[in-house]
file run.cif (mmCIF, N, CA and C atoms)
data_protein
#
loop_
_atom_site.label_atom_id
_atom_site.label_comp_id
_atom_site.auth_asym_id
_atom_site.auth_seq_id
_atom_site.Cartn_x
_atom_site.Cartn_y
_atom_site.Cartn_z
N MET A 67 -56.76 0.12 -54.09
CA MET A 67 -55.98 0.83 -53.07
C MET A 67 -54.68 1.30 -53.71
N THR A 68 -54.35 2.55 -53.49
CA THR A 68 -53.11 3.09 -54.04
C THR A 68 -51.98 2.84 -53.06
N SER A 69 -50.77 2.89 -53.57
CA SER A 69 -49.60 2.67 -52.70
C SER A 69 -48.89 3.98 -52.42
N ALA A 70 -49.62 4.93 -51.89
CA ALA A 70 -49.04 6.22 -51.52
C ALA A 70 -48.09 6.04 -50.35
N ALA A 71 -47.06 6.84 -50.32
CA ALA A 71 -46.09 6.78 -49.23
C ALA A 71 -46.77 7.17 -47.92
N VAL A 72 -46.41 6.47 -46.86
CA VAL A 72 -46.95 6.77 -45.54
C VAL A 72 -46.19 7.97 -44.98
N PRO A 73 -46.88 9.01 -44.54
CA PRO A 73 -46.18 10.15 -43.94
C PRO A 73 -45.43 9.70 -42.68
N ILE A 74 -44.37 10.38 -42.36
CA ILE A 74 -43.51 10.00 -41.24
C ILE A 74 -43.98 10.65 -39.95
N ILE A 75 -44.02 9.85 -38.89
CA ILE A 75 -44.19 10.38 -37.53
C ILE A 75 -42.79 10.54 -36.97
N ARG A 76 -42.42 11.75 -36.62
CA ARG A 76 -41.04 12.05 -36.21
C ARG A 76 -40.72 11.71 -34.76
N GLY A 77 -41.71 11.66 -33.93
CA GLY A 77 -41.44 11.37 -32.53
C GLY A 77 -42.65 11.69 -31.69
N LEU A 78 -42.51 11.50 -30.40
CA LEU A 78 -43.58 11.78 -29.46
C LEU A 78 -43.28 13.13 -28.81
N HIS A 79 -44.15 14.09 -28.99
CA HIS A 79 -43.94 15.44 -28.44
C HIS A 79 -44.39 15.51 -26.98
N HIS A 80 -45.60 15.06 -26.70
CA HIS A 80 -46.10 15.08 -25.32
C HIS A 80 -47.24 14.08 -25.17
N VAL A 81 -47.54 13.78 -23.94
CA VAL A 81 -48.73 13.01 -23.58
C VAL A 81 -49.50 13.84 -22.58
N GLN A 82 -50.77 13.54 -22.43
CA GLN A 82 -51.57 14.27 -21.45
C GLN A 82 -52.27 13.29 -20.53
N ILE A 83 -52.24 13.63 -19.26
CA ILE A 83 -53.05 12.96 -18.25
C ILE A 83 -53.98 14.01 -17.67
N THR A 84 -54.94 13.59 -16.89
CA THR A 84 -55.82 14.58 -16.27
C THR A 84 -55.94 14.35 -14.77
N ILE A 85 -56.24 15.43 -14.10
CA ILE A 85 -56.53 15.44 -12.67
C ILE A 85 -57.83 16.21 -12.50
N PRO A 86 -58.47 16.11 -11.35
CA PRO A 86 -59.71 16.86 -11.16
C PRO A 86 -59.50 18.37 -11.22
N VAL A 87 -60.52 19.08 -11.64
CA VAL A 87 -60.49 20.54 -11.67
C VAL A 87 -60.19 21.06 -10.26
N GLY A 88 -59.26 21.99 -10.17
CA GLY A 88 -58.90 22.58 -8.89
C GLY A 88 -57.83 21.82 -8.11
N ALA A 89 -57.32 20.72 -8.65
CA ALA A 89 -56.34 19.90 -7.94
C ALA A 89 -54.90 20.19 -8.36
N GLU A 90 -54.67 21.35 -8.99
CA GLU A 90 -53.34 21.64 -9.50
C GLU A 90 -52.26 21.67 -8.41
N GLU A 91 -52.55 22.27 -7.27
CA GLU A 91 -51.51 22.34 -6.22
C GLU A 91 -51.17 20.95 -5.70
N ALA A 92 -52.17 20.11 -5.52
CA ALA A 92 -51.91 18.73 -5.10
C ALA A 92 -51.15 17.98 -6.20
N GLY A 93 -51.47 18.28 -7.45
CA GLY A 93 -50.76 17.66 -8.56
C GLY A 93 -49.31 18.09 -8.60
N ARG A 94 -49.05 19.36 -8.40
CA ARG A 94 -47.67 19.84 -8.36
C ARG A 94 -46.92 19.21 -7.18
N ALA A 95 -47.58 19.11 -6.03
CA ALA A 95 -46.93 18.52 -4.87
C ALA A 95 -46.50 17.08 -5.17
N PHE A 96 -47.35 16.35 -5.87
CA PHE A 96 -47.02 14.97 -6.19
C PHE A 96 -45.97 14.88 -7.29
N TYR A 97 -46.25 15.49 -8.44
CA TYR A 97 -45.38 15.33 -9.60
C TYR A 97 -44.07 16.12 -9.50
N CYS A 98 -44.12 17.34 -9.01
CA CYS A 98 -42.90 18.14 -8.87
C CYS A 98 -42.21 17.86 -7.54
N GLY A 99 -43.00 17.72 -6.48
CA GLY A 99 -42.43 17.48 -5.16
C GLY A 99 -41.93 16.05 -4.99
N LEU A 100 -42.85 15.10 -4.93
CA LEU A 100 -42.47 13.71 -4.67
C LEU A 100 -41.67 13.10 -5.81
N LEU A 101 -42.13 13.29 -7.05
CA LEU A 101 -41.41 12.67 -8.18
C LEU A 101 -40.24 13.52 -8.69
N GLY A 102 -40.19 14.78 -8.30
CA GLY A 102 -39.06 15.62 -8.67
C GLY A 102 -39.04 16.08 -10.12
N LEU A 103 -40.19 16.06 -10.78
CA LEU A 103 -40.26 16.51 -12.17
C LEU A 103 -40.28 18.04 -12.22
N THR A 104 -39.85 18.59 -13.33
CA THR A 104 -39.75 20.04 -13.51
C THR A 104 -40.98 20.57 -14.23
N GLU A 105 -41.58 21.60 -13.66
CA GLU A 105 -42.70 22.24 -14.35
C GLU A 105 -42.19 23.05 -15.52
N ALA A 106 -42.84 22.92 -16.66
CA ALA A 106 -42.48 23.65 -17.87
C ALA A 106 -43.44 24.83 -18.05
N PRO A 107 -42.95 25.90 -18.66
CA PRO A 107 -43.85 27.04 -18.91
C PRO A 107 -45.01 26.62 -19.82
N LYS A 108 -46.18 27.08 -19.48
CA LYS A 108 -47.36 26.82 -20.29
C LYS A 108 -47.68 28.11 -21.04
N PRO A 109 -47.95 28.01 -22.34
CA PRO A 109 -48.23 29.24 -23.09
C PRO A 109 -49.38 30.05 -22.47
N ALA A 110 -49.25 31.36 -22.52
CA ALA A 110 -50.25 32.25 -21.93
C ALA A 110 -51.64 31.96 -22.47
N ALA A 111 -51.74 31.60 -23.74
CA ALA A 111 -53.04 31.34 -24.35
C ALA A 111 -53.75 30.14 -23.74
N LEU A 112 -53.01 29.26 -23.05
CA LEU A 112 -53.60 28.05 -22.47
C LEU A 112 -53.68 28.10 -20.95
N GLN A 113 -53.13 29.11 -20.32
CA GLN A 113 -53.08 29.15 -18.86
C GLN A 113 -54.45 29.19 -18.21
N GLY A 114 -55.42 29.75 -18.84
CA GLY A 114 -56.76 29.84 -18.26
C GLY A 114 -57.52 28.52 -18.27
N ARG A 115 -56.97 27.51 -18.88
CA ARG A 115 -57.65 26.21 -18.98
C ARG A 115 -57.34 25.29 -17.81
N GLY A 116 -56.51 25.73 -16.88
CA GLY A 116 -56.14 24.90 -15.75
C GLY A 116 -55.02 23.94 -16.10
N GLY A 117 -54.57 23.21 -15.10
CA GLY A 117 -53.51 22.25 -15.29
C GLY A 117 -52.13 22.88 -15.36
N PHE A 118 -51.16 22.06 -15.68
CA PHE A 118 -49.77 22.50 -15.78
C PHE A 118 -49.01 21.50 -16.66
N TRP A 119 -47.83 21.90 -17.07
CA TRP A 119 -47.01 21.04 -17.93
C TRP A 119 -45.74 20.64 -17.20
N LEU A 120 -45.24 19.45 -17.51
CA LEU A 120 -43.99 18.94 -16.95
C LEU A 120 -43.00 18.65 -18.07
N GLN A 121 -41.73 18.90 -17.83
CA GLN A 121 -40.68 18.61 -18.80
C GLN A 121 -39.89 17.41 -18.31
N ILE A 122 -39.73 16.41 -19.17
CA ILE A 122 -38.95 15.22 -18.85
C ILE A 122 -38.05 14.96 -20.05
N GLY A 123 -36.80 15.34 -19.94
CA GLY A 123 -35.90 15.21 -21.09
C GLY A 123 -36.43 16.06 -22.24
N ASP A 124 -36.57 15.45 -23.41
CA ASP A 124 -37.07 16.16 -24.59
C ASP A 124 -38.59 16.09 -24.72
N GLN A 125 -39.26 15.39 -23.83
CA GLN A 125 -40.70 15.24 -23.90
C GLN A 125 -41.39 16.02 -22.78
N GLN A 126 -42.69 16.16 -22.94
CA GLN A 126 -43.49 16.81 -21.91
C GLN A 126 -44.66 15.92 -21.53
N VAL A 127 -45.09 16.07 -20.29
CA VAL A 127 -46.35 15.52 -19.82
C VAL A 127 -47.23 16.71 -19.52
N HIS A 128 -48.37 16.79 -20.17
CA HIS A 128 -49.33 17.86 -19.92
C HIS A 128 -50.34 17.32 -18.92
N VAL A 129 -50.48 18.00 -17.81
CA VAL A 129 -51.43 17.61 -16.77
C VAL A 129 -52.61 18.56 -16.91
N GLY A 130 -53.69 18.06 -17.50
CA GLY A 130 -54.88 18.86 -17.69
C GLY A 130 -55.89 18.61 -16.59
N THR A 131 -56.96 19.37 -16.58
CA THR A 131 -58.01 19.18 -15.60
C THR A 131 -59.27 18.70 -16.30
N GLU A 132 -59.98 17.79 -15.64
CA GLU A 132 -61.16 17.19 -16.24
C GLU A 132 -61.99 16.53 -15.15
N GLU A 133 -63.28 16.72 -15.22
CA GLU A 133 -64.20 16.10 -14.27
C GLU A 133 -64.89 14.90 -14.92
N GLY A 134 -65.46 14.04 -14.10
CA GLY A 134 -66.26 12.93 -14.59
C GLY A 134 -65.46 11.78 -15.17
N VAL A 135 -64.19 11.66 -14.79
CA VAL A 135 -63.33 10.59 -15.31
C VAL A 135 -63.03 9.61 -14.19
N GLU A 136 -63.22 8.33 -14.44
CA GLU A 136 -62.88 7.30 -13.45
C GLU A 136 -61.47 6.80 -13.76
N ARG A 137 -60.47 7.58 -13.36
CA ARG A 137 -59.09 7.28 -13.69
C ARG A 137 -58.63 5.94 -13.13
N GLY A 138 -59.17 5.54 -12.01
CA GLY A 138 -58.77 4.29 -11.37
C GLY A 138 -59.27 3.04 -12.06
N ARG A 139 -60.04 3.19 -13.12
CA ARG A 139 -60.61 2.03 -13.80
C ARG A 139 -59.93 1.72 -15.13
N THR A 140 -58.90 2.47 -15.48
CA THR A 140 -58.29 2.28 -16.79
C THR A 140 -56.88 1.70 -16.69
N LYS A 141 -56.48 1.00 -17.75
CA LYS A 141 -55.12 0.51 -17.87
C LYS A 141 -54.20 1.55 -18.48
N ALA A 142 -54.77 2.63 -19.02
CA ALA A 142 -53.95 3.68 -19.62
C ALA A 142 -52.95 4.18 -18.58
N HIS A 143 -51.72 4.44 -19.01
CA HIS A 143 -50.70 4.86 -18.05
C HIS A 143 -49.51 5.48 -18.74
N LEU A 144 -48.69 6.12 -17.92
CA LEU A 144 -47.37 6.60 -18.32
C LEU A 144 -46.36 5.67 -17.67
N ALA A 145 -45.24 5.44 -18.35
CA ALA A 145 -44.15 4.64 -17.79
C ALA A 145 -42.90 5.50 -17.76
N TYR A 146 -42.36 5.69 -16.58
CA TYR A 146 -41.15 6.49 -16.41
C TYR A 146 -39.96 5.56 -16.27
N GLU A 147 -38.94 5.76 -17.11
CA GLU A 147 -37.69 5.00 -16.97
C GLU A 147 -36.86 5.67 -15.90
N VAL A 148 -36.40 4.89 -14.93
CA VAL A 148 -35.68 5.42 -13.77
C VAL A 148 -34.39 4.67 -13.53
N ASP A 149 -33.53 5.26 -12.74
CA ASP A 149 -32.38 4.57 -12.17
C ASP A 149 -32.77 4.23 -10.73
N ASP A 150 -32.29 3.11 -10.24
CA ASP A 150 -32.50 2.68 -8.86
C ASP A 150 -33.99 2.48 -8.54
N LEU A 151 -34.56 1.52 -9.20
CA LEU A 151 -35.99 1.21 -9.03
C LEU A 151 -36.33 0.92 -7.56
N ALA A 152 -35.43 0.25 -6.85
CA ALA A 152 -35.69 -0.07 -5.44
C ALA A 152 -35.84 1.20 -4.61
N ALA A 153 -35.02 2.21 -4.88
CA ALA A 153 -35.14 3.47 -4.15
C ALA A 153 -36.47 4.15 -4.46
N TRP A 154 -36.91 4.07 -5.71
CA TRP A 154 -38.22 4.65 -6.06
C TRP A 154 -39.34 3.92 -5.35
N ARG A 155 -39.26 2.59 -5.29
CA ARG A 155 -40.28 1.82 -4.57
C ARG A 155 -40.35 2.28 -3.13
N ALA A 156 -39.21 2.37 -2.46
CA ALA A 156 -39.18 2.78 -1.05
C ALA A 156 -39.73 4.20 -0.89
N ARG A 157 -39.36 5.12 -1.77
CA ARG A 157 -39.83 6.51 -1.68
C ARG A 157 -41.34 6.59 -1.82
N LEU A 158 -41.88 5.87 -2.80
CA LEU A 158 -43.32 5.90 -3.04
C LEU A 158 -44.10 5.21 -1.93
N GLU A 159 -43.58 4.09 -1.43
CA GLU A 159 -44.25 3.42 -0.30
C GLU A 159 -44.25 4.31 0.93
N ALA A 160 -43.14 5.01 1.18
CA ALA A 160 -43.07 5.92 2.33
C ALA A 160 -44.08 7.06 2.20
N ALA A 161 -44.44 7.40 0.95
CA ALA A 161 -45.42 8.46 0.70
C ALA A 161 -46.84 7.91 0.65
N GLY A 162 -47.02 6.62 0.95
CA GLY A 162 -48.35 6.05 1.03
C GLY A 162 -48.90 5.47 -0.26
N ARG A 163 -48.09 5.38 -1.29
CA ARG A 163 -48.56 4.79 -2.55
C ARG A 163 -48.53 3.27 -2.43
N VAL A 164 -49.57 2.61 -2.90
CA VAL A 164 -49.63 1.15 -2.92
C VAL A 164 -48.93 0.68 -4.19
N ILE A 165 -47.91 -0.14 -4.02
CA ILE A 165 -47.10 -0.62 -5.14
C ILE A 165 -47.62 -1.98 -5.57
N LEU A 166 -47.79 -2.14 -6.87
CA LEU A 166 -48.21 -3.42 -7.45
C LEU A 166 -47.10 -3.91 -8.37
N ASP A 167 -46.68 -5.16 -8.17
CA ASP A 167 -45.68 -5.72 -9.06
C ASP A 167 -46.31 -5.95 -10.42
N ALA A 168 -45.59 -5.60 -11.46
CA ALA A 168 -46.09 -5.72 -12.82
C ALA A 168 -45.71 -7.09 -13.40
N VAL A 169 -46.40 -7.48 -14.44
CA VAL A 169 -46.09 -8.72 -15.14
C VAL A 169 -44.65 -8.62 -15.65
N PRO A 170 -43.82 -9.63 -15.39
CA PRO A 170 -42.42 -9.57 -15.82
C PRO A 170 -42.27 -9.45 -17.34
N ILE A 171 -41.30 -8.63 -17.73
CA ILE A 171 -40.91 -8.49 -19.12
C ILE A 171 -39.39 -8.63 -19.15
N PRO A 172 -38.86 -9.53 -19.99
CA PRO A 172 -37.41 -9.70 -20.03
C PRO A 172 -36.69 -8.37 -20.30
N GLY A 173 -35.64 -8.12 -19.52
CA GLY A 173 -34.84 -6.91 -19.70
C GLY A 173 -35.35 -5.70 -18.94
N LEU A 174 -36.49 -5.83 -18.26
CA LEU A 174 -37.06 -4.72 -17.50
C LEU A 174 -37.41 -5.16 -16.09
N GLU A 175 -37.08 -4.32 -15.14
CA GLU A 175 -37.61 -4.45 -13.79
C GLU A 175 -38.64 -3.36 -13.68
N ARG A 176 -39.82 -3.65 -13.11
CA ARG A 176 -40.86 -2.63 -13.11
C ARG A 176 -41.90 -2.88 -12.03
N PHE A 177 -42.61 -1.82 -11.70
CA PHE A 177 -43.78 -1.90 -10.82
C PHE A 177 -44.72 -0.78 -11.22
N GLU A 178 -45.93 -0.82 -10.67
CA GLU A 178 -46.89 0.24 -10.97
C GLU A 178 -47.60 0.67 -9.70
N PHE A 179 -48.23 1.82 -9.80
CA PHE A 179 -49.00 2.39 -8.69
C PHE A 179 -49.99 3.38 -9.29
N ARG A 180 -50.86 3.91 -8.47
CA ARG A 180 -51.80 4.97 -8.88
C ARG A 180 -51.37 6.27 -8.23
N ASP A 181 -51.43 7.37 -8.99
CA ASP A 181 -51.14 8.67 -8.39
C ASP A 181 -52.32 9.05 -7.49
N PRO A 182 -52.25 10.15 -6.75
CA PRO A 182 -53.34 10.51 -5.84
C PRO A 182 -54.69 10.75 -6.52
N PHE A 183 -54.69 10.83 -7.85
CA PHE A 183 -55.91 11.12 -8.60
C PHE A 183 -56.46 9.89 -9.32
N GLY A 184 -55.76 8.75 -9.18
CA GLY A 184 -56.19 7.50 -9.80
C GLY A 184 -55.48 7.15 -11.09
N ASN A 185 -54.64 8.04 -11.62
CA ASN A 185 -53.90 7.72 -12.84
C ASN A 185 -52.91 6.59 -12.58
N ARG A 186 -52.87 5.63 -13.48
CA ARG A 186 -51.91 4.53 -13.37
C ARG A 186 -50.54 5.01 -13.82
N VAL A 187 -49.51 4.66 -13.05
CA VAL A 187 -48.14 5.06 -13.33
C VAL A 187 -47.26 3.82 -13.23
N GLU A 188 -46.34 3.69 -14.18
CA GLU A 188 -45.38 2.59 -14.14
C GLU A 188 -43.98 3.18 -13.98
N MET A 189 -43.19 2.56 -13.16
CA MET A 189 -41.77 2.89 -13.04
C MET A 189 -41.01 1.68 -13.54
N LEU A 190 -40.01 1.91 -14.39
CA LEU A 190 -39.26 0.78 -14.91
C LEU A 190 -37.77 1.12 -14.99
N GLU A 191 -36.97 0.07 -14.85
CA GLU A 191 -35.52 0.19 -14.97
C GLU A 191 -35.09 -0.84 -15.98
N VAL A 192 -34.33 -0.40 -16.97
CA VAL A 192 -33.84 -1.29 -18.01
C VAL A 192 -32.64 -2.04 -17.46
N SER A 193 -32.66 -3.36 -17.60
CA SER A 193 -31.53 -4.17 -17.17
C SER A 193 -30.37 -3.94 -18.13
N ARG A 194 -29.24 -3.55 -17.60
CA ARG A 194 -28.04 -3.30 -18.41
C ARG A 194 -27.07 -4.47 -18.22
N PRO A 195 -26.53 -4.99 -19.32
CA PRO A 195 -25.57 -6.12 -19.19
C PRO A 195 -24.28 -5.70 -18.52
#
call {"tool": "encode", "arguments": {"input": "run.cif", "output": "structure tokens"}}
result
Amino acid sequence: MTSAAVPIIRGLHHVQITIPVGAEEAGRAFYCGLLGLTEAPKPAALQGRGGFWLQIGDQQVHVGTEEGVERGRTKAHLAYEVDDLAAWRARLEAAGRVILDAVPIPGLERFEFRDPFGNRVEMLEVSRP
């Protein structure tokens, strides 16, 4: 085995989740409406593939469309760092989301829920001294 230098990963550019084909308006209502995320422009070359993109700080979440996926059966998820976790819990419960308390991790307050399409989502607040 040679000891070649490991190439550098500079950062995380985007992640992708999926929703059912044709569910883009419901997806926008949830992610842009309820969660307040900003839709990002999607390149013209990709617009015909369905879905939409979201901008969160310097990163993006790409919401693609896909059939035949049992999203509610996976542990895969996105975790959003938020301020005022209690307010987020109340907002999501008022919108009908079932909140599940997550396993405690020192320095983090957190909970999880499923979006309307079955994707697992975590909300977390970093404890500040």
call {"tool": "atom_distance", "arguments": {"input": "run.cif", "atom1": "CA of Arg194 in chain A", "atom2": "CA of Phe96 in chain A"}}
result
29.0 Å
call {"tool": "resolve_selection", "arguments": {"input": "run.cif", "expression": "the PyMOL selection byres (((chain A and resi 184 and name CA) around 12) and name CA)", "output": "list in words"}}
result
Ile83, Thr84, Ile85, Pro86, Gly93, Val135, Glu136, Arg137, Gly138, Arg139, Thr140, Lys141, Ala142, His143, Arg163, Val164, Glu178, Phe179, Arg180, Asp181, Pro182, Phe183, Asn185, Arg186 and Val187 of chain A
call {"tool": "resolve_selection", "arguments": {"input": "run.cif", "expression": "the PyMOL selection byres (((chain A and resi 155 and name CA) around 12) and name CA)", "output": "PyMOL selection string"}}
result
chain A and resi 101+148-154+156-167+175-179+188-191
call {"tool": "atom_distance", "arguments": {"input": "run.cif", "atom1": "atom N of Gly114 in chain A", "atom2": "CA of Ala89 in chain A"}}
result
14.7 Å
call {"tool": "residues_around", "arguments": {"input": "run.cif", "residues": "Val127 in chain A", "least_positions_apart": "3", "cutoff": "5 Å", "atoms": "only N, CA and C atoms", "output": "compact mmCIF listing (two decimals) with N, CA and C atoms, in the coordinates of the input"}}
result
# COMPACT_ATOMS: atom_id res chain seq x y z
N VAL A 81 -47.54 13.78 -23.94
CA VAL A 81 -48.73 13.01 -23.58
C VAL A 81 -49.50 13.84 -22.58
N TRP A 119 -47.83 21.90 -17.07
CA TRP A 119 -47.01 21.04 -17.93
C TRP A 119 -45.74 20.64 -17.20
N LEU A 120 -45.24 19.45 -17.51
CA LEU A 120 -43.99 18.94 -16.95
C LEU A 120 -43.00 18.65 -18.07
call {"tool": "closest_residue", "arguments": {"input": "run.cif", "among": "A:Glu147, A:Pro195, A:Leu174, A:His128", "to": "Gln82 in chain A", "atoms": "all atoms listed in the file"}}
result
A:His128
call {"tool": "select_by_dssp", "arguments": {"input": "run.cif", "residues": "chain A", "states": "strand (DSSP E)", "output": "mmCIF file with N, CA and C atoms, in the coordinates of the input"}}
result
data_model
loop_
_atom_site.group_PDB
_atom_site.id
_atom_site.type_symbol
_atom_site.label_atom_id
_atom_site.label_comp_id
_atom_site.auth_asym_id
_atom_site.auth_seq_id
_atom_site.Cartn_x
_atom_site.Cartn_y
_atom_site.Cartn_z
ATOM 1 N N HIS A 80 -45.600 15.060 -26.700
ATOM 2 C CA HIS A 80 -46.100 15.080 -25.320
ATOM 3 C C HIS A 80 -47.240 14.080 -25.170
ATOM 4 N N VAL A 81 -47.540 13.780 -23.940
ATOM 5 C CA VAL A 81 -48.730 13.010 -23.580
ATOM 6 C C VAL A 81 -49.500 13.840 -22.580
ATOM 7 N N GLN A 82 -50.770 13.540 -22.430
ATOM 8 C CA GLN A 82 -51.570 14.270 -21.450
ATOM 9 C C GLN A 82 -52.270 13.290 -20.530
ATOM 10 N N ILE A 83 -52.240 13.630 -19.260
ATOM 11 C CA ILE A 83 -53.050 12.960 -18.250
ATOM 12 C C ILE A 83 -53.980 14.010 -17.670
ATOM 13 N N THR A 84 -54.940 13.590 -16.890
ATOM 14 C CA THR A 84 -55.820 14.580 -16.270
ATOM 15 C C THR A 84 -55.940 14.350 -14.770
ATOM 16 N N ILE A 85 -56.240 15.430 -14.100
ATOM 17 C CA ILE A 85 -56.530 15.440 -12.670
ATOM 18 C C ILE A 85 -57.830 16.210 -12.500
ATOM 19 N N THR A 104 -39.850 18.590 -13.330
ATOM 20 C CA THR A 104 -39.750 20.040 -13.510
ATOM 21 C C THR A 104 -40.980 20.570 -14.230
ATOM 22 N N GLU A 105 -41.580 21.600 -13.660
ATOM 23 C CA GLU A 105 -42.700 22.240 -14.350
ATOM 24 C C GLU A 105 -42.190 23.050 -15.520
ATOM 25 N N ALA A 106 -42.840 22.920 -16.660
ATOM 26 C CA ALA A 106 -42.480 23.650 -17.870
ATOM 27 C C ALA A 106 -43.440 24.830 -18.050
ATOM 28 N N PHE A 118 -51.160 22.060 -15.680
ATOM 29 C CA PHE A 118 -49.770 22.500 -15.780
ATOM 30 C C PHE A 118 -49.010 21.500 -16.660
ATOM 31 N N TRP A 119 -47.830 21.900 -17.070
ATOM 32 C CA TRP A 119 -47.010 21.040 -17.930
ATOM 33 C C TRP A 119 -45.740 20.640 -17.200
ATOM 34 N N LEU A 120 -45.240 19.450 -17.510
ATOM 35 C CA LEU A 120 -43.990 18.940 -16.950
ATOM 36 C C LEU A 120 -43.000 18.650 -18.070
ATOM 37 N N GLN A 121 -41.730 18.900 -17.830
ATOM 38 C CA GLN A 121 -40.680 18.610 -18.800
ATOM 39 C C GLN A 121 -39.890 17.410 -18.310
ATOM 40 N N ILE A 122 -39.730 16.410 -19.170
ATOM 41 C CA ILE A 122 -38.950 15.220 -18.850
ATOM 42 C C ILE A 122 -38.050 14.960 -20.050
ATOM 43 N N GLN A 125 -39.260 15.390 -23.830
ATOM 44 C CA GLN A 125 -40.700 15.240 -23.900
ATOM 45 C C GLN A 125 -41.390 16.020 -22.780
ATOM 46 N N GLN A 126 -42.690 16.160 -22.940
ATOM 47 C CA GLN A 126 -43.490 16.810 -21.910
ATOM 48 C C GLN A 126 -44.660 15.920 -21.530
ATOM 49 N N VAL A 127 -45.090 16.070 -20.290
ATOM 50 C CA VAL A 127 -46.350 15.520 -19.820
ATOM 51 C C VAL A 127 -47.230 16.710 -19.520
ATOM 52 N N HIS A 128 -48.370 16.790 -20.170
ATOM 53 C CA HIS A 128 -49.330 17.860 -19.920
ATOM 54 C C HIS A 128 -50.340 17.320 -18.920
ATOM 55 N N VAL A 129 -50.480 18.000 -17.810
ATOM 56 C CA VAL A 129 -51.430 17.610 -16.770
ATOM 57 C C VAL A 129 -52.610 18.560 -16.910
ATOM 58 N N GLY A 130 -53.690 18.060 -17.500
ATOM 59 C CA GLY A 130 -54.880 18.860 -17.690
ATOM 60 C C GLY A 130 -55.890 18.610 -16.590
ATOM 61 N N THR A 131 -56.960 19.370 -16.580
ATOM 62 C CA THR A 131 -58.010 19.180 -15.600
ATOM 63 C C THR A 131 -59.270 18.700 -16.300
ATOM 64 N N HIS A 143 -51.720 4.440 -19.010
ATOM 65 C CA HIS A 143 -50.700 4.860 -18.050
ATOM 66 C C HIS A 143 -49.510 5.480 -18.740
ATOM 67 N N LEU A 144 -48.690 6.120 -17.920
ATOM 68 C CA LEU A 144 -47.370 6.600 -18.320
ATOM 69 C C LEU A 144 -46.360 5.670 -17.670
ATOM 70 N N ALA A 145 -45.240 5.440 -18.350
ATOM 71 C CA ALA A 145 -44.150 4.640 -17.790
ATOM 72 C C ALA A 145 -42.900 5.500 -17.760
ATOM 73 N N TYR A 146 -42.360 5.690 -16.580
ATOM 74 C CA TYR A 146 -41.150 6.490 -16.410
ATOM 75 C C TYR A 146 -39.960 5.560 -16.270
ATOM 76 N N GLU A 147 -38.940 5.760 -17.110
ATOM 77 C CA GLU A 147 -37.690 5.000 -16.970
ATOM 78 C C GLU A 147 -36.860 5.670 -15.900
ATOM 79 N N LEU A 166 -47.790 -2.140 -6.870
ATOM 80 C CA LEU A 166 -48.210 -3.420 -7.450
ATOM 81 C C LEU A 166 -47.100 -3.910 -8.370
ATOM 82 N N ASP A 167 -46.680 -5.160 -8.170
ATOM 83 C CA ASP A 167 -45.680 -5.720 -9.060
ATOM 84 C C ASP A 167 -46.310 -5.950 -10.420
ATOM 85 N N LEU A 174 -36.490 -5.830 -18.260
ATOM 86 C CA LEU A 174 -37.060 -4.720 -17.500
ATOM 87 C C LEU A 174 -37.410 -5.160 -16.090
ATOM 88 N N GLU A 175 -37.080 -4.320 -15.140
ATOM 89 C CA GLU A 175 -37.610 -4.450 -13.790
ATOM 90 C C GLU A 175 -38.640 -3.360 -13.680
ATOM 91 N N ARG A 176 -39.820 -3.650 -13.110
ATOM 92 C CA ARG A 176 -40.860 -2.630 -13.110
ATOM 93 C C ARG A 176 -41.900 -2.880 -12.030
ATOM 94 N N PHE A 177 -42.610 -1.820 -11.700
ATOM 95 C CA PHE A 177 -43.780 -1.900 -10.820
ATOM 96 C C PHE A 177 -44.720 -0.780 -11.220
ATOM 97 N N GLU A 178 -45.930 -0.820 -10.670
ATOM 98 C CA GLU A 178 -46.890 0.240 -10.970
ATOM 99 C C GLU A 178 -47.600 0.670 -9.700
ATOM 100 N N PHE A 179 -48.230 1.820 -9.800
ATOM 101 C CA PHE A 179 -49.000 2.390 -8.690
ATOM 102 C C PHE A 179 -49.990 3.380 -9.290
ATOM 103 N N ARG A 180 -50.860 3.910 -8.470
ATOM 104 C CA ARG A 180 -51.800 4.970 -8.880
ATOM 105 C C ARG A 180 -51.370 6.270 -8.230
ATOM 106 N N ARG A 186 -52.870 5.630 -13.480
ATOM 107 C CA ARG A 186 -51.910 4.530 -13.370
ATOM 108 C C ARG A 186 -50.540 5.010 -13.820
ATOM 109 N N VAL A 187 -49.510 4.660 -13.050
ATOM 110 C CA VAL A 187 -48.140 5.060 -13.330
ATOM 111 C C VAL A 187 -47.260 3.820 -13.230
ATOM 112 N N GLU A 188 -46.340 3.690 -14.180
ATOM 113 C CA GLU A 188 -45.380 2.590 -14.140
ATOM 114 C C GLU A 188 -43.980 3.180 -13.980
ATOM 115 N N MET A 189 -43.190 2.560 -13.160
ATOM 116 C CA MET A 189 -41.770 2.890 -13.040
ATOM 117 C C MET A 189 -41.010 1.680 -13.540
ATOM 118 N N LEU A 190 -40.010 1.910 -14.390
ATOM 119 C CA LEU A 190 -39.260 0.780 -14.910
ATOM 120 C C LEU A 190 -37.770 1.120 -14.990
ATOM 121 N N GLU A 191 -36.970 0.070 -14.850
ATOM 122 C CA GLU A 191 -35.520 0.190 -14.970
ATOM 123 C C GLU A 191 -35.090 -0.840 -15.980
ATOM 124 N N VAL A 192 -34.330 -0.400 -16.970
ATOM 125 C CA VAL A 192 -33.840 -1.290 -18.010
ATOM 126 C C VAL A 192 -32.640 -2.040 -17.460
#
call {"tool": "select_by_dssp", "arguments": {"input": "run.cif", "residues": "chain A", "states": "helix (DSSP H, G or I)", "output": "PyMOL selection string"}}
result
chain A and resi 90-100+110-115+137-139+151-160
call {"tool": "atom_distance", "arguments": {"input": "run.cif", "atom1": "atom N of Arg115 in chain A", "atom2": "CA of Leu103 in chain A"}}
result
21.1 Å
call {"tool": "closest_residue", "arguments": {"input": "run.cif", "among": "A:Pro73, A:Glu105, A:Val87, A:Val192", "to": "Phe118 in chain A", "atoms": "all atoms listed in the file"}}
result
A:Glu105
call {"tool": "closest_residue", "arguments": {"input": "run.cif", "among": "A:Glu91, A:Gln126, A:His80, A:Ser193", "to": "Pro172 in chain A", "atoms": "all atoms listed in the file"}}
result
A:Ser193
